Amino acid sequence: MTVRAFFQAAKVEGFQSPYDTIHLKIFYPAQISKRKGERNREILPVDLEKAPFPVVIFFNGFNCDAQQYQWLAVKLAERGLVVILFNWIAEMIPGITSLTPGVDFEKMKPTIYRTVPTTLALPTLLAKVEQLQSEGILAGMLDLQRIILGGHSAGGRVAIENADPDFFPQIAASFGYGLHTMATLLLGYEAGTILSLPDSLPLLLMGGTCDGVIMNNSDLYGVSPGNTTTPVIRTFQEAITGGRNDSYLVLLDGANHFSIVDRLDSTLETPLLDFPATQPQESFRLLMGEIISLFIDTYVRHQPEASQSLEQLLNTANPLIKSFERK
């Protein structure tokens, strides 16, 4: 399947220029056009085979350019999904301007958490999805009741924390890599606190055994550096009750914090905290892409064959999979 993309921009209410604009890149399944005019404008018609399309909104990690996740967007679009990546430069932390997934730290405080969304970007992104459904090349081709939230690091946390039908009824599932819900001391929590998750939709939580960023930030949560996967495992064990067998924890052996990205940006500070991965990026990306695709096909598209393939993939001896749990 051919994949094409186009760009959009959207304003975020409550922010002042120039930090009030999100830039989006939207990937969709396309058909090769024989009409010269369309080829010249680089506009290809939509491949209608799997329409209406579920929509994946992917939240990047702090200071991670959306381009670093294009490999995943292309893979998911090849499976018949519309995928939105975005860049938003703003001052989320006073005095620090960065690429941000739009975390609302104020809404993460103890007296507020879980009563309102913790995302500043998602309402704007959902409004853009509705606009895409009403005008342009994707008009009438989106499934507005099957929106999947995904993300990496802080963006992954934004995704799984806000996959709550009480806040956003159009969300159908969520996934994330390299994240946990341990609460920072700066917000007023006790050391080692794991914050709860909505626990009402299918969830895929992934982590790597060489995640140095999680381990080296332990002091933010008042805990001693321990196993690199302990906060991820505790999130799965304590933040959700489960009981529906649609919540997964997958730990990748030898993957680090940035194994999900295409090309690491060594000019930024965060990569310095990470540990070396023991396998090539491509190996982990191929595996993660397949797990995420099958998870969506199973729990959003409800394809029985995908469920069987997912179980087989996770249960087959694979040197890249350290362990997996489901509840």
# chains A, B, ... in the order shown; residues from 1 in each chain; ligands from 1
>>> select_by_dssp(residues="stretch 43-292 of chain A", states="strand (DSSP E)", output="PyMOL selection string")
chain A and resi 53-59+82-87+89-93+96-99+142-152+171-177+203-208+247-252
>>> residues_around(residues="stretch 304-317 of chain A", least_positions_apart="3", cutoff="7 Å", atoms="only C-alpha atoms", output="count of residues only")
5
>>> residues_around(residues="A:Asp164", least_positions_apart="4", cutoff="7 Å", atoms="only C-alpha atoms", output="JSON list (two decimals) with N, CA and C atoms, in the first residue's frame")
[["chain", "number", "residue", "atom", "x", "y", "z"],
["A", 168, "PHE", "N", -12.84, 11.87, 26.75],
["A", 168, "PHE", "CA", -12.81, 11.85, 25.29],
["A", 168, "PHE", "C", -13.47, 10.55, 24.81],
["A", 198, "PRO", "N", -6.85, 5.42, 33.62],
["A", 198, "PRO", "CA", -8.28, 5.26, 33.41],
["A", 198, "PRO", "C", -8.76, 3.80, 33.50],
["A", 200, "SER", "N", -10.01, 1.64, 31.44],
["A", 200, "SER", "CA", -11.32, 1.31, 30.86],
["A", 200, "SER", "C", -11.24, 0.94, 29.38]]
>>> residues_around(residues="A:Leu205", least_positions_apart="4", cutoff="10 Å", atoms="only C-alpha atoms", output="list in words")
Gly150, Gly156, Arg157, Ile160, Ser174, Phe175, Gly176, Tyr177, Gly178, Leu179, His180, Val232, Ile233, Thr235, Phe236, Ser247, Tyr248, Leu249, Val250, Leu251, Ile292, Phe324 and Glu325 of chain A
>>> residues_around(residues="stretch 258-273 of chain A", least_positions_apart="3", cutoff="12 Å", atoms="only C-alpha atoms", output="PDB file with C-alpha atoms, in the first residue's frame")
ATOM      1  CA  ASN A  60       6.349  12.566  20.827  1.00  0.00           C
ATOM      2  CA  GLY A  61       8.685  12.624  23.786  1.00  0.00           C
ATOM      3  CA  PHE A  62      10.149  15.892  25.058  1.00  0.00           C
ATOM      4  CA  ASN A  63      12.555  17.340  22.479  1.00  0.00           C
ATOM      5  CA  CYS A  64      11.881  14.477  20.070  1.00  0.00           C
ATOM      6  CA  ASP A  65      11.031  15.669  16.578  1.00  0.00           C
ATOM      7  CA  ALA A  66       7.972  14.050  15.042  1.00  0.00           C
ATOM      8  CA  GLN A  67      10.125  13.004  12.088  1.00  0.00           C
ATOM      9  CA  GLN A  68      11.815  10.469  14.360  1.00  0.00           C
ATOM     10  CA  TYR A  69       8.576   8.466  14.477  1.00  0.00           C
ATOM     11  CA  GLN A  70       7.774   8.595  10.769  1.00  0.00           C
ATOM     12  CA  TRP A  71       8.772   4.948  10.362  1.00  0.00           C
ATOM     13  CA  LEU A  72       5.883   3.961  12.671  1.00  0.00           C
ATOM     14  CA  ALA A  73       3.415   6.317  11.012  1.00  0.00           C
ATOM     15  CA  SER A  98      11.184  22.655  23.940  1.00  0.00           C
ATOM     16  CA  LEU A  99       9.390  20.296  21.603  1.00  0.00           C
ATOM     17  CA  GLY A 151       3.274   7.958  22.307  1.00  0.00           C
ATOM     18  CA  HIS A 152       6.854   7.757  23.509  1.00  0.00           C
ATOM     19  CA  SER A 153       8.251   8.698  26.918  1.00  0.00           C
ATOM     20  CA  GLY A 156       3.346   7.952  25.907  1.00  0.00           C
ATOM     21  CA  GLY A 176       3.086   3.795  24.713  1.00  0.00           C
ATOM     22  CA  TYR A 177       6.790   3.017  24.937  1.00  0.00           C
ATOM     23  CA  GLY A 178       9.365   4.087  27.535  1.00  0.00           C
ATOM     24  CA  LEU A 179       6.973   5.512  30.122  1.00  0.00           C
ATOM     25  CA  MET A 206       6.098  -1.300  26.383  1.00  0.00           C
ATOM     26  CA  GLY A 207       9.525  -0.746  27.898  1.00  0.00           C
ATOM     27  CA  GLY A 208      13.177  -1.674  27.403  1.00  0.00           C
ATOM     28  CA  THR A 209      15.616  -3.336  29.783  1.00  0.00           C
ATOM     29  CA  CYS A 210      18.354  -0.800  28.935  1.00  0.00           C
ATOM     30  CA  ASP A 211      16.277   2.343  29.507  1.00  0.00           C
ATOM     31  CA  GLY A 212      18.825   4.637  31.113  1.00  0.00           C
ATOM     32  CA  VAL A 213      16.567   7.716  30.968  1.00  0.00           C
ATOM     33  CA  ILE A 214      14.014   6.142  33.303  1.00  0.00           C
ATOM     34  CA  MET A 215      16.695   4.843  35.645  1.00  0.00           C
ATOM     35  CA  ASN A 216      18.754   8.044  35.744  1.00  0.00           C
ATOM     36  CA  ASN A 217      15.694  10.157  36.535  1.00  0.00           C
ATOM     37  CA  SER A 218      14.831   8.133  39.633  1.00  0.00           C
ATOM     38  CA  LEU A 252      12.072  -5.698  25.184  1.00  0.00           C
ATOM     39  CA  ASP A 253      15.418  -7.230  26.061  1.00  0.00           C
ATOM     40  CA  GLY A 254      18.254  -4.822  25.323  1.00  0.00           C
ATOM     41  CA  ALA A 255      16.104  -1.911  24.135  1.00  0.00           C
ATOM     42  CA  PRO A 276      23.426   1.649  24.936  1.00  0.00           C
ATOM     43  CA  ALA A 277      20.976  -0.729  23.304  1.00  0.00           C
ATOM     44  CA  THR A 278      22.249  -4.249  22.745  1.00  0.00           C
ATOM     45  CA  GLN A 279      20.563  -4.680  19.351  1.00  0.00           C
ATOM     46  CA  PRO A 280      20.179  -2.435  16.274  1.00  0.00           C
ATOM     47  CA  GLN A 281      17.358   0.122  16.265  1.00  0.00           C
ATOM     48  CA  GLU A 282      15.847  -1.520  13.199  1.00  0.00           C
ATOM     49  CA  SER A 283      15.362  -4.838  15.009  1.00  0.00           C
ATOM     50  CA  PHE A 284      13.400  -3.237  17.828  1.00  0.00           C
ATOM     51  CA  ARG A 285      11.415  -0.998  15.488  1.00  0.00           C
ATOM     52  CA  LEU A 286      10.295  -3.934  13.364  1.00  0.00           C
ATOM     53  CA  LEU A 287       9.125  -5.798  16.453  1.00  0.00           C
ATOM     54  CA  MET A 288       7.432  -2.799  18.061  1.00  0.00           C
ATOM     55  CA  GLY A 289       5.711  -1.874  14.822  1.00  0.00           C
ATOM     56  CA  ILE A 292       1.427  -2.164  17.871  1.00  0.00           C
ATOM     57  CA  LEU A 320      14.105  -9.484  21.789  1.00  0.00           C
TER      58      LEU A 320
END
